[in-house]
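Engineer: Structure provided below as structure tokens; questions to follow.
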Amino acid sequence: MSSLTTTRIIDNAARLGLTHTAESITEAAARADQAQMGYLDFIDHLLAEEVAVRESRRFRNALKLSGLPHHKTLDEFDYTF
């Protein structure tokens, strides 16, 4: 991928609010090239990564806003009561 094309993709992704895509497009393109992905598979993978990052960010923000003391797992739960 040429540097001009990469720059345009990064700029357009940033303007569209696709921050993860803008940051990781070169790595994603290299992985797609290595895996010999088709165009639709590449776009599907790229958008799935963006959605996963946004969902993770949304979950962390909701957890932070909830005011809970900290994240606990079932292993840390006290069953002795």
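Naming scheme: A, B, ... for chains in displayed order of the structure tokens; residues 1 onward per chain; ligands 1 onward as shown.
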Enumerate the residues of chain A with a DSSP assignment of helix (DSSP H, G or I), computed from the backbone, and present them as a PyMOL selection string.

Structural biologist: chain A and resi 3-15+19-35+39-66+74-76

Engineer: Neighbouring residues of range 57-68 of chain A were defined as those with any atom within 12 Å, considering only C-alpha atoms; residues of the same chain fewer than 6 positions away were excluded. Please report them as a ChimeraX atom specification.

Structural biologist: /A:19-20,50-51

Engineer: Do a neighbour search on range 2-12 of chain A at 12 Å with only C-alpha atoms, toss out local chain neighbours closer than 6 positions, and write the hits as an MDAnalysis selection string.

Structural biologist: chainID A and resid 18:30

Engineer: So that I have them on file, write out the residues from the current selection with N, CA, C and O atoms, as a compact mmCIF listing (two decimals), in the first residue's frame.

Structural biologist:
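Just written: selection_5.txt:
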# COMPACT_ATOMS: atom_id res chain seq x y z
N LEU A 18 -13.29 6.76 13.40
CA LEU A 18 -12.82 5.38 13.51
C LEU A 18 -11.38 5.41 14.03
O LEU A 18 -10.43 5.13 13.30
N THR A 19 -11.24 5.73 15.29
CA THR A 19 -9.92 5.99 15.86
C THR A 19 -9.03 4.75 15.84
O THR A 19 -7.84 4.84 15.54
N HIS A 20 -9.60 3.59 16.18
CA HIS A 20 -8.78 2.37 16.18
C HIS A 20 -8.31 2.04 14.77
O HIS A 20 -7.16 1.64 14.57
N THR A 21 -9.19 2.20 13.81
CA THR A 21 -8.82 1.94 12.42
C THR A 21 -7.71 2.88 11.97
O THR A 21 -6.75 2.45 11.32
N ALA A 22 -7.83 4.14 12.33
CA ALA A 22 -6.80 5.11 11.96
C ALA A 22 -5.45 4.75 12.57
O ALA A 22 -4.41 4.95 11.94
N GLU A 23 -5.46 4.20 13.78
CA GLU A 23 -4.20 3.87 14.45
C GLU A 23 -3.59 2.57 13.96
O GLU A 23 -2.38 2.39 14.03
N SER A 24 -4.42 1.64 13.51
CA SER A 24 -3.90 0.29 13.24
C SER A 24 -4.03 -0.16 11.79
O SER A 24 -3.91 -1.36 11.52
N ILE A 25 -4.25 0.76 10.88
CA ILE A 25 -4.49 0.37 9.49
C ILE A 25 -3.29 -0.32 8.85
O ILE A 25 -3.45 -1.29 8.10
N THR A 26 -2.09 0.12 9.14
CA THR A 26 -0.93 -0.50 8.49
C THR A 26 -0.73 -1.93 8.98
O THR A 26 -0.43 -2.81 8.17
N GLU A 27 -0.91 -2.16 10.30
CA GLU A 27 -0.78 -3.52 10.83
C GLU A 27 -1.90 -4.41 10.29
O GLU A 27 -1.67 -5.57 9.95
N ALA A 28 -3.11 -3.87 10.22
CA ALA A 28 -4.25 -4.65 9.72
C ALA A 28 -4.06 -5.00 8.25
O ALA A 28 -4.36 -6.13 7.82
N ALA A 29 -3.54 -4.08 7.47
CA ALA A 29 -3.29 -4.35 6.05
C ALA A 29 -2.21 -5.41 5.88
O ALA A 29 -2.31 -6.27 5.00
N ALA A 30 -1.19 -5.36 6.72
CA ALA A 30 -0.12 -6.36 6.64
C ALA A 30 -0.65 -7.75 7.00
O ALA A 30 -0.31 -8.74 6.34

Engineer: Leaving out Phe42 in chain A and any residue of its chain fewer than 5 positions from it, which residues lie within 10 Å of it when counting only C-alpha atoms, given as JSON, numbers by chain?

Structural biologist: {"A": [28, 29, 31, 32, 33, 35, 36, 37, 47, 48]}

Engineer: Go ahead and write the selection's residues with N, CA and C atoms as a CSV table (one decimal), in the first residue's frame.

Structural biologist:
chain,number,residue,atom,x,y,z
A,28,ALA,N,-3.1,-3.9,10.2
A,28,ALA,CA,-4.2,-4.7,9.7
A,28,ALA,C,-4.1,-5.0,8.2
A,29,ALA,N,-3.5,-4.1,7.5
A,29,ALA,CA,-3.3,-4.4,6.0
A,29,ALA,C,-2.2,-5.4,5.9
A,31,ARG,N,-1.5,-7.8,8.0
A,31,ARG,CA,-2.1,-9.1,8.4
A,31,ARG,C,-3.0,-9.6,7.3
A,32,ALA,N,-3.8,-8.8,6.7
A,32,ALA,CA,-4.7,-9.2,5.6
A,32,ALA,C,-3.9,-9.7,4.4
A,33,ASP,N,-2.8,-9.0,4.1
A,33,ASP,CA,-1.9,-9.4,3.0
A,33,ASP,C,-1.3,-10.8,3.3
A,35,ALA,N,-2.5,-13.1,5.3
A,35,ALA,CA,-3.5,-14.1,5.3
A,35,ALA,C,-4.2,-14.2,3.9
A,36,GLN,N,-3.8,-13.4,3.0
A,36,GLN,CA,-4.4,-13.4,1.6
A,36,GLN,C,-6.0,-13.2,1.7
A,37,MET,N,-6.4,-12.3,2.5
A,37,MET,CA,-7.8,-12.0,2.6
A,37,MET,C,-8.3,-11.3,1.4
A,47,LEU,N,-13.8,-3.7,10.6
A,47,LEU,CA,-14.9,-3.1,11.3
A,47,LEU,C,-15.2,-3.9,12.5
A,48,ALA,N,-15.0,-5.2,12.5
A,48,ALA,CA,-15.2,-6.0,13.8
A,48,ALA,C,-14.2,-5.6,14.8
